[in-house]
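Shown here: data_2.txt, compact mmCIF, C-alpha atoms.
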```txt
# COMPACT_ATOMS: atom_id res chain seq x y z
CA MET A 580 -6.50 26.12 -4.34
CA ASN A 581 -2.72 26.26 -4.39
CA ILE A 582 -1.55 23.11 -6.18
CA TYR A 583 1.07 22.25 -3.54
CA LEU A 584 -1.50 22.54 -0.76
CA ASP A 585 -3.85 20.44 -2.89
CA LEU A 586 -1.19 17.71 -3.27
CA PHE A 587 -0.55 17.67 0.48
CA LEU A 588 -4.22 17.63 1.46
CA THR A 589 -5.23 15.01 -1.12
CA PHE A 590 -2.54 12.63 0.08
CA ALA A 591 -3.39 13.35 3.70
CA ARG A 592 -6.92 12.23 2.81
CA VAL A 593 -5.51 9.09 1.16
CA GLY A 594 -3.46 8.35 4.30
CA ALA A 595 -6.44 8.87 6.58
CA CYS A 596 -8.69 6.57 4.52
CA THR A 597 -6.21 3.69 4.22
CA PHE A 598 -6.75 0.80 6.61
CA GLY A 599 -4.35 -2.14 6.51
CA GLY A 600 -1.33 -0.93 4.59
CA GLY A 601 -0.16 -0.39 1.02
CA TYR A 602 -2.51 -2.62 -0.94
CA ALA A 603 -5.58 -1.20 0.77
CA MET A 604 -4.47 2.24 -0.44
CA LEU A 605 -5.01 1.31 -4.09
CA PRO A 606 -8.80 1.84 -4.22
CA ILE A 607 -8.43 5.20 -2.46
CA LEU A 608 -5.68 6.26 -4.89
CA GLN A 609 -7.74 5.21 -7.90
CA ARG A 610 -10.55 7.33 -6.55
CA GLU A 611 -8.70 10.46 -5.44
CA VAL A 612 -5.74 10.63 -7.81
CA VAL A 613 -6.88 8.96 -11.04
CA GLU A 614 -10.62 9.65 -11.17
CA LYS A 615 -10.98 12.89 -9.25
CA LYS A 616 -7.73 14.77 -9.91
CA GLY A 617 -6.36 13.14 -13.06
CA TRP A 618 -2.79 13.37 -11.71
CA ALA A 619 -2.00 9.88 -13.02
CA THR A 620 -3.59 7.23 -15.26
CA GLU A 621 -4.47 3.63 -14.29
CA GLU A 622 -1.39 2.46 -16.24
CA GLU A 623 0.90 4.84 -14.38
CA LEU A 624 -0.56 3.74 -11.06
CA ALA A 625 0.22 0.12 -11.96
CA ASP A 626 3.78 1.16 -12.89
CA TYR A 627 4.29 3.02 -9.62
CA PHE A 628 2.90 0.13 -7.59
CA ALA A 629 5.24 -2.30 -9.33
CA ILE A 630 8.26 -0.12 -8.65
CA GLY A 631 7.07 0.73 -5.13
CA GLN A 632 7.00 -2.96 -4.25
CA CYS A 633 10.56 -3.67 -5.26
CA THR A 634 12.26 -0.53 -4.02
CA PRO A 635 13.10 -0.07 -0.35
CA GLY A 636 10.59 1.49 2.00
CA VAL A 637 6.87 1.54 2.62
CA ILE A 638 4.85 0.89 -0.58
CA ALA A 639 2.34 3.65 0.17
CA VAL A 640 5.12 6.21 0.65
CA ASN A 641 6.94 5.11 -2.51
CA THR A 642 3.78 5.41 -4.59
CA ALA A 643 2.94 8.81 -3.09
CA THR A 644 6.44 10.15 -3.83
CA PHE A 645 6.17 8.92 -7.41
CA ILE A 646 2.86 10.62 -8.14
CA GLY A 647 3.94 13.87 -6.47
CA TYR A 648 7.20 13.95 -8.41
CA LYS A 649 5.53 13.22 -11.72
CA TYR A 650 3.05 16.02 -11.18
CA LYS A 651 5.15 18.74 -9.53
CA GLY A 652 8.81 17.69 -9.33
CA VAL A 653 10.91 17.17 -6.22
CA LEU A 654 8.83 19.48 -4.02
CA GLY A 655 5.70 17.64 -5.16
CA GLY A 656 7.25 14.30 -4.21
CA ILE A 657 8.18 15.55 -0.76
CA LEU A 658 4.77 17.12 -0.12
CA THR A 659 2.76 14.04 -1.13
CA THR A 660 4.92 11.93 1.19
CA LEU A 661 4.47 14.31 4.10
CA GLY A 662 0.75 14.35 3.32
CA VAL A 663 0.37 10.58 3.33
CA VAL A 664 2.19 10.21 6.69
CA ALA A 665 0.63 13.22 8.47
CA PRO A 666 -2.59 11.47 9.62
CA SER A 667 -0.57 8.50 10.94
CA VAL A 668 1.72 10.72 12.98
CA LEU A 669 -1.25 12.58 14.48
CA ILE A 670 -3.45 9.58 15.22
CA ILE A 671 -0.73 7.25 16.50
CA THR A 672 0.81 9.91 18.71
CA LEU A 673 -2.60 10.54 20.30
CA ILE A 674 -3.19 6.82 20.82
CA ALA A 675 0.30 6.21 22.21
CA ALA A 676 -0.14 9.12 24.60
CA PHE A 677 -3.67 8.45 25.85
CA LEU A 678 -5.03 5.12 24.74
CA SER A 679 -2.40 2.41 24.79
CA SER A 680 -5.04 -0.30 25.33
CA PHE A 681 -6.89 0.90 22.21
CA ALA A 682 -6.48 -2.38 20.35
CA ASP A 683 -7.90 -4.39 23.28
CA ILE A 684 -11.28 -2.62 23.33
CA PRO A 685 -13.83 -5.25 22.15
CA LEU A 686 -15.88 -2.75 20.13
CA VAL A 687 -12.72 -1.68 18.25
CA GLY A 688 -12.02 -5.33 17.48
CA HIS A 689 -15.51 -5.87 16.01
CA ALA A 690 -15.32 -2.69 13.94
CA LEU A 691 -11.93 -3.71 12.57
CA ALA A 692 -13.16 -7.18 11.64
CA GLY A 693 -15.89 -5.47 9.61
CA VAL A 694 -13.34 -3.14 7.99
CA SER A 695 -11.07 -6.05 7.02
CA ALA A 696 -13.98 -7.91 5.44
CA CYS A 697 -14.67 -4.80 3.36
CA VAL A 698 -11.04 -4.03 2.46
CA VAL A 699 -10.73 -7.41 0.70
CA ALA A 700 -13.69 -6.53 -1.53
CA MET A 701 -12.15 -3.13 -2.29
CA ILE A 702 -8.83 -4.71 -3.26
CA ALA A 703 -10.70 -7.13 -5.55
CA SER A 704 -12.47 -4.22 -7.19
CA SER A 705 -9.13 -2.41 -7.68
CA VAL A 706 -7.58 -5.47 -9.27
CA ILE A 707 -10.39 -5.53 -11.84
CA LYS A 708 -9.78 -1.86 -12.65
CA LEU A 709 -6.01 -2.40 -12.94
CA GLY A 710 -6.57 -5.54 -15.02
CA LYS A 711 -8.65 -3.60 -17.55
CA SER A 712 -5.67 -1.38 -18.31
CA SER A 713 -2.82 -3.87 -17.91
CA LEU A 714 -4.17 -7.13 -19.40
CA LYS A 715 -4.43 -6.39 -23.09
CA ASP A 716 -3.40 -9.56 -24.91
CA ALA A 717 -2.30 -13.18 -24.46
CA VAL A 718 1.21 -12.25 -23.30
CA THR A 719 0.05 -9.94 -20.52
CA VAL A 720 -2.68 -12.36 -19.37
CA GLY A 721 0.00 -15.09 -19.27
CA ILE A 722 2.36 -12.93 -17.23
CA PHE A 723 -0.50 -12.12 -14.83
CA LEU A 724 -1.37 -15.80 -14.27
CA VAL A 725 2.23 -16.97 -13.88
CA VAL A 726 3.12 -14.20 -11.41
CA LEU A 727 -0.08 -14.83 -9.44
CA LEU A 728 0.67 -18.56 -9.11
CA LEU A 729 4.36 -18.08 -8.32
CA SER A 730 3.54 -15.50 -5.68
CA LEU A 731 0.83 -17.61 -4.01
CA TRP A 732 2.47 -21.04 -4.13
CA LEU A 733 6.19 -20.49 -4.12
CA LYS A 734 5.97 -17.20 -2.19
CA LEU A 735 8.69 -15.77 -4.44
CA SER A 736 9.76 -12.25 -3.55
CA PRO A 737 8.01 -9.41 -5.41
CA VAL A 738 11.42 -8.10 -6.47
CA ALA A 739 12.25 -11.27 -8.43
CA LEU A 740 8.76 -11.45 -9.95
CA VAL A 741 8.65 -7.82 -11.05
CA VAL A 742 12.15 -7.93 -12.55
CA GLY A 743 11.37 -11.24 -14.31
CA ALA A 744 8.10 -9.92 -15.72
CA GLY A 745 9.86 -6.81 -17.02
CA VAL A 746 12.41 -8.96 -18.86
CA VAL A 747 9.68 -11.22 -20.29
CA GLY A 748 7.66 -8.20 -21.45
CA TRP A 749 10.69 -6.66 -23.10
CA ALA A 750 11.63 -9.95 -24.82
CA ALA A 751 8.05 -10.53 -26.02
CA ARG A 752 7.91 -7.09 -27.59
CA ARG A 753 11.26 -7.64 -29.29
CA LEU A 754 10.25 -11.04 -30.67
CA CYS A 755 6.88 -9.82 -31.95
CA GLY A 756 8.53 -6.91 -33.70
CA GLY A 757 7.09 -4.43 -31.22
CA LYS A 758 3.49 -5.20 -32.16
CA ALA A 759 2.34 -6.91 -28.97
CA GLY A 760 0.10 -4.84 -26.77
CA GLU A 761 0.23 -1.74 -28.92
CA ALA A 762 -3.40 -1.94 -29.96
CA LYS A 763 -4.49 1.03 -27.91
CA MET B 795 21.13 12.66 20.78
CA ILE B 796 18.36 10.10 21.06
CA LEU B 797 16.56 11.93 18.23
CA LEU B 798 19.58 11.58 15.98
CA LYS B 799 19.79 7.90 16.83
CA LEU B 800 16.05 7.45 16.16
CA PHE B 801 16.37 9.11 12.77
CA PHE B 802 19.35 6.96 11.85
CA GLU B 803 17.77 3.70 13.09
CA PHE B 804 14.57 4.30 11.11
CA PHE B 805 16.53 5.47 8.09
CA LYS B 806 18.08 2.00 8.11
CA VAL B 807 14.65 0.35 8.40
CA GLY B 808 13.35 2.41 5.48
CA LEU B 809 16.39 1.58 3.39
CA PHE B 810 16.43 -2.17 3.95
CA SER B 811 12.80 -3.23 4.30
CA VAL B 812 11.39 -4.09 0.89
CA GLY B 813 7.75 -4.99 0.31
CA GLY B 814 5.95 -2.73 2.72
CA GLY B 815 4.19 -2.80 6.05
CA LEU B 816 5.04 -5.87 8.08
CA ALA B 817 8.44 -6.21 6.37
CA THR B 818 9.61 -3.68 8.99
CA VAL B 819 8.82 -5.98 11.94
CA PRO B 820 12.04 -8.06 11.96
CA PHE B 821 14.08 -4.86 11.88
CA LEU B 822 12.09 -3.45 14.78
CA GLN B 823 12.65 -6.60 16.85
CA ASN B 824 16.38 -6.15 16.47
CA MET B 825 16.09 -2.47 17.28
CA GLY B 826 14.16 -3.19 20.47
CA MET B 827 16.80 -5.63 21.66
CA ALA B 828 19.72 -3.38 20.73
CA THR B 829 18.40 -0.12 22.19
CA GLY B 830 16.00 -1.19 24.96
CA TRP B 831 13.45 1.36 23.72
CA PHE B 832 10.69 -1.28 23.82
CA THR B 833 10.18 -5.00 24.54
CA ASP B 834 8.76 -7.71 22.29
CA ALA B 835 5.47 -7.44 24.18
CA ASP B 836 5.36 -3.68 23.48
CA LEU B 837 6.01 -4.48 19.84
CA THR B 838 2.97 -6.79 19.70
CA THR B 839 0.76 -3.98 21.02
CA MET B 840 2.28 -1.59 18.50
CA ILE B 841 1.56 -3.97 15.60
CA ALA B 842 -2.06 -4.32 16.73
CA VAL B 843 -2.49 -0.55 16.95
CA ALA B 844 -0.65 0.07 13.66
CA GLU B 845 -2.91 -2.37 11.84
CA SER B 846 -6.08 -1.02 13.36
CA THR B 847 -5.58 2.67 12.63
CA PRO B 848 -5.56 4.46 9.29
CA GLY B 849 -2.31 4.94 7.41
CA PRO B 850 0.52 2.77 6.11
CA ILE B 851 1.48 0.15 8.71
CA GLY B 852 5.22 0.85 8.50
CA VAL B 853 4.65 4.54 9.13
CA ASN B 854 2.32 3.81 12.05
CA MET B 855 4.97 1.55 13.59
CA ALA B 856 7.67 4.20 13.24
CA THR B 857 5.47 6.85 14.82
CA TYR B 858 4.60 4.59 17.74
CA VAL B 859 8.17 3.48 18.44
CA GLY B 860 9.38 7.07 18.12
CA TYR B 861 6.81 8.26 20.63
CA GLU B 862 7.67 5.53 23.15
CA ALA B 863 11.36 6.36 22.86
CA ALA B 864 11.28 10.16 22.86
CA GLY B 865 7.78 11.65 22.94
CA ILE B 866 6.20 13.76 20.20
CA ALA B 867 9.53 14.90 18.70
CA GLY B 868 10.50 11.23 18.60
CA SER B 869 7.38 10.23 16.66
CA VAL B 870 7.99 12.91 14.04
CA ILE B 871 11.73 12.21 13.71
CA ALA B 872 11.29 8.42 13.47
CA THR B 873 8.70 8.83 10.71
CA LEU B 874 10.91 11.26 8.79
CA GLY B 875 13.80 8.81 9.13
CA LEU B 876 11.66 5.99 7.72
CA VAL B 877 10.48 7.92 4.66
CA THR B 878 13.75 9.69 3.75
CA PRO B 879 15.30 6.69 1.91
CA SER B 880 12.01 6.17 0.01
CA ILE B 881 11.97 9.78 -1.13
CA LEU B 882 15.62 9.66 -2.23
CA VAL B 883 15.38 6.34 -4.08
CA ILE B 884 12.05 7.09 -5.76
CA LEU B 885 13.12 10.58 -6.84
CA ILE B 886 16.18 9.10 -8.52
CA ILE B 887 14.12 6.40 -10.28
CA ALA B 888 11.34 8.83 -11.23
CA GLY B 889 13.88 11.29 -12.64
CA PHE B 890 15.45 8.52 -14.67
CA LEU B 891 12.06 7.37 -15.97
CA GLN B 892 11.05 10.88 -16.96
CA LYS B 893 14.24 11.19 -18.99
CA PHE B 894 13.70 7.89 -20.78
CA ARG B 895 9.92 7.93 -20.93
CA THR B 896 9.88 7.88 -24.71
CA SER B 897 12.46 5.10 -24.87
CA LYS B 898 11.13 1.94 -26.48
CA THR B 899 13.03 -0.29 -24.05
CA VAL B 900 11.43 1.33 -21.00
CA ASN B 901 8.00 0.99 -22.61
CA ASP B 902 8.62 -2.66 -23.42
CA VAL B 903 9.71 -3.40 -19.86
CA PHE B 904 6.60 -1.74 -18.45
CA TYR B 905 4.45 -3.74 -20.84
CA GLY B 906 5.51 -6.83 -18.87
CA LEU B 907 5.66 -5.08 -15.52
CA ARG B 908 2.03 -3.88 -15.38
CA PRO B 909 0.38 -7.33 -15.44
CA ALA B 910 2.91 -8.46 -12.80
CA SER B 911 1.96 -5.52 -10.60
CA THR B 912 -1.73 -6.40 -11.01
CA ALA B 913 -0.98 -10.04 -10.15
CA LEU B 914 0.96 -9.10 -7.00
CA VAL B 915 -1.96 -7.00 -5.76
CA ALA B 916 -4.33 -9.88 -6.58
CA ALA B 917 -2.12 -12.34 -4.69
CA ALA B 918 -1.95 -10.04 -1.67
CA GLY B 919 -5.74 -9.69 -1.81
CA LEU B 920 -6.22 -13.46 -1.91
CA ARG B 921 -3.87 -13.98 1.04
CA VAL B 922 -5.73 -11.36 3.07
CA ALA B 923 -9.06 -12.88 2.02
CA ALA B 924 -7.97 -16.34 3.16
CA SER B 925 -6.84 -15.02 6.53
CA ILE B 926 -10.09 -13.13 7.12
CA TYR B 927 -12.80 -15.38 5.69
CA VAL B 928 -11.33 -18.79 6.53
CA SER B 929 -9.84 -20.07 9.76
CA ILE B 930 -8.14 -23.40 10.35
CA THR B 931 -9.29 -24.91 13.63
CA GLY B 932 -8.33 -28.56 13.12
CA VAL B 933 -7.06 -31.17 10.69
CA GLY B 934 -8.52 -31.84 7.24
CA TRP B 935 -11.67 -30.33 5.73
CA ASN B 936 -13.58 -30.62 9.01
CA GLY B 937 -11.05 -28.31 10.60
CA VAL B 938 -11.66 -25.53 8.09
CA SER B 939 -14.28 -23.06 9.15
CA VAL B 940 -15.60 -20.23 7.03
CA ASN B 941 -16.53 -16.93 8.62
CA TRP B 942 -19.82 -16.55 6.73
CA LEU B 943 -20.75 -13.18 8.22
CA ALA B 944 -17.45 -11.62 7.18
CA LEU B 945 -17.71 -13.25 3.75
CA ALA B 946 -21.25 -11.87 3.35
CA ILE B 947 -20.05 -8.34 4.14
CA GLY B 948 -17.21 -8.73 1.64
CA VAL B 949 -19.51 -9.99 -1.12
CA ALA B 950 -22.06 -7.25 -0.41
CA VAL B 951 -19.38 -4.52 -0.61
CA PHE B 952 -17.96 -6.01 -3.80
CA ALA B 953 -21.41 -6.18 -5.40
CA ALA B 954 -22.19 -2.60 -4.33
CA MET B 955 -18.93 -1.34 -5.84
CA ARG B 956 -19.83 -2.94 -9.19
CA ILE B 957 -23.14 -1.03 -9.31
CA LYS B 958 -22.55 2.12 -11.30
CA LYS B 959 -24.42 4.53 -9.05
CA LEU B 960 -22.91 3.20 -5.81
CA SER B 961 -19.39 2.95 -7.27
CA LYS B 962 -19.31 6.75 -7.32
CA LEU B 963 -19.35 6.79 -3.50
CA HIS B 964 -16.03 7.36 -1.78
CA PRO B 965 -14.45 4.10 -0.51
CA ILE B 966 -14.47 5.48 3.05
CA VAL B 967 -18.29 5.24 3.00
CA PHE B 968 -18.04 1.47 2.53
CA ILE B 969 -15.33 1.22 5.19
CA ALA B 970 -17.46 3.13 7.72
CA LEU B 971 -20.56 1.02 6.96
CA ALA B 972 -18.53 -2.19 7.30
CA ALA B 973 -17.17 -1.01 10.66
CA VAL B 974 -20.71 -0.38 11.92
CA MET B 975 -21.84 -3.78 10.62
CA GLY B 976 -18.89 -5.41 12.40
CA MET B 977 -19.89 -3.77 15.69
CA ILE B 978 -23.57 -4.70 15.32
CA LEU B 979 -22.86 -8.31 14.29
CA LYS B 980 -19.99 -8.67 16.80
CA LEU B 981 -17.69 -10.06 14.11
```

Encoding of this model in structure tokens:
Amino acid sequence: MNIYLDLFLTFARVGACTFGGGYAMLPILQREVVEKKGWATEEELADYFAIGQCTPGVIAVNTATFIGYKYKGVLGGILTTLGVVAPSVLIITLIAAFLSSFADIPLVGHALAGVSACVVAMIASSVIKLGKSSLKDAVTVGIFLVVLLLSLWLKLSPVALVVGAGVVGWAARRLCGGKAGEAK
Amino acid sequence: MILLKLFFEFFKVGLFSVGGGLATVPFLQNMGMATGWFTDADLTTMIAVAESTPGPIGVNMATYVGYEAAGIAGSVIATLGLVTPSILVILIIAGFLQKFRTSKTVNDVFYGLRPASTALVAAAGLRVAASIYVSITGVGWNGVSVNWLALAIGVAVFAAMRIKKLSKLHPIVFIALAAVMGMILKL
């Protein structure tokens, strides 16, 4: 298949399978982009997610643009973005036109409660996968715990946390003479 | 003219909302008041629909608002407006990273950034988990009620995804099964 068409269709599939926003997209991305297509590694996905959270715009779109650009340049970035939004545009337009009481249907509510219960488990499973590639030594485990606590308790903004963690990582590597975390 | 305005309004939302999905809501409230395209009550319906359909929530919101304001052309233009700043900003950053990929400084920064990214996803997961599995109905421990059925579905899915054979299944299979379970159990 033409690679550009493949990029568009793969991300359209990611968009169609994502329920509940950016974070819920992670398991689908790990599946479609890392495991099936090999367009990015787990590490790169973690990088893109970090940047996607502290740059303007929708996280899912930012991550899609990143992967598309890395794989096939500017056109790739544009096509993955169009792909990830295409199902939304189609589905929402249909609902807005014909089914504005969609969210009030009891059966829809029950189905969605089931989906939410499942999405949490999928996010947990993704975190374990990401952790395997990003938590390599005491410094990275420490950064993980501190950011987790600061985010949950103090509700600090992701921007501050990501920038802070980057500085800490850089400083740790400098102080350890560049040895930390290089045991690959 | 309304299409141009839609594009510009959503371009602003895309440029200034950081952190995804529901971060767009305050901007949309302002937009509704300023333009009269939709009321706060409409917005509540739109949030419910955006959260209950596939796709990024911010994109779903843009499509919905665009459609209400100017039909099908409106839904396409509003979405394009929302994603244009993302594409521009990310392409600039990605180009920069590609140029400096071998730089030691960039590598060192990412060494600290990756665990933070993992932690932010974990924190988001925990917040969602708390809102779905636990509800506060009163004061103190007696007022905390656990939604055991939902928790059981979550644990079952998690366990299934850790089993090697089942983990090969596409995530949408689990989502579809959970939706059916939700309907049967009237979650």

- Item | Close residues, region 944-959 of chain B itself excluded, 9 Å, all atoms listed in the file, min 3 positions apart in chain, as a PyMOL selection string | (chain A and resi 692-693+695-701+703-704) or (chain B and resi 923+926-928+940-941+962-963+965+968+972+975-976+981)

- Query: Distance CA of Thr719 (chain A)-CA of Arg895 (chain B), one decimal place?
  - Reply: 20.4 Å

- Query: With all atoms listed in the file as the basis for distance, which of A:Ala625, A:Leu686, A:Val738, A:Ala676 is at the shortest distance from Ala863 (chain B)?
  - Reply: A:Ala676

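Put simply, CA of Thr847 (chain B) is 17.9 Å away from CA of Ile866 (chain B).
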
- Could you tell me which of A:Leu731, A:Leu714, A:Leu624, A:Leu673 comes closest to Val612 (chain A) if we count all atoms listed in the file?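 So, comparing all the options, the nearest one is A:Leu624.
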
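Using only C-alpha atoms for every distance, the candidate list A:Ala744, A:Cys755, A:Leu608, A:Ala619 yields A:Ala744 as the residue closest to chain B.
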
Residues of region 617-700 of chain A that have any atom at most 6 Å from an atom of region 584-605 of chain A: could you tabulate them with the shortest-distance atom pair and the distance in Å to one decimal, using all atoms listed in the file, ordered by chain and increasing number, as a tab-separated table?
```
residue	atom	partner	partner_atom	distance
A:Ile638	CA	A:Gly601	CA	5.4
A:Ala639	CA	A:Gly601	CA	4.8
A:Leu658	CA	A:Phe587	CA	5.4
A:Thr659	CA	A:Phe587	CA	5.2
A:Gly662	CA	A:Ala591	CA	4.3
A:Val663	CA	A:Gly594	CA	4.5
A:Pro666	CA	A:Ala595	CA	5.6
```

- Task: Rounded to one decimal place, report the CA of Ser961 (chain B)-CA of Gly688 (chain A) distance in Å.
- Result: 27.1 Å

- Message: Counting all atoms listed in the file, which residue out of A:Gly743, A:Gly748, A:Gly721, A:Gly631 sits closest to chain B?
- Response: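 Under the stated criterion, the closest residue is A:Gly748.
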
- Message: Would you pick out the contacts of Ile930 (chain B) at 10 Å or less, using all atoms listed in the file, so that residues sharing its chain but fewer than 6 positions from it are not included, and give the list as a PyMOL selection string?
- Response: chain B and resi 936-940

- Message: Can you pull out the residues contacting region 818-824 of chain B? Cut-off 10 Å, using all atoms listed in the file, and skip same-chain residues under 2 positions away; I want them as a PyMOL selection string.
- Response: (chain A and resi 636-637) or (chain B and resi 803-804+806-808+810-816+826-830+832-834+837-838+841+851-853+855-856+859+876)

- Query: For chain A, which residue among B:Trp831, B:Phe894, B:Trp935, B:Phe805 is the nearest when counting only C-alpha atoms?
  - Reply: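 Answer, going by the shortest atom-to-atom distance: B:Phe805.
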
- Would you please work out which residue, of A:Gly617, A:Ala717, A:Tyr583, A:Val706, is nearest to chain B when using all atoms listed in the file?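 For chain B, the nearest of the candidates is A:Val706.
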
- Enumerate, as an MDAnalysis selection string, the protein, DNA and RNA residues whose atoms approach (3.5, 6.3, 20.1) to within 10 Å, taking into account all atoms listed in the file and the coordinate frame of the file. (chainID A and resid 668:679) or (chainID B and resid 840 843:844 854:866 868:869)
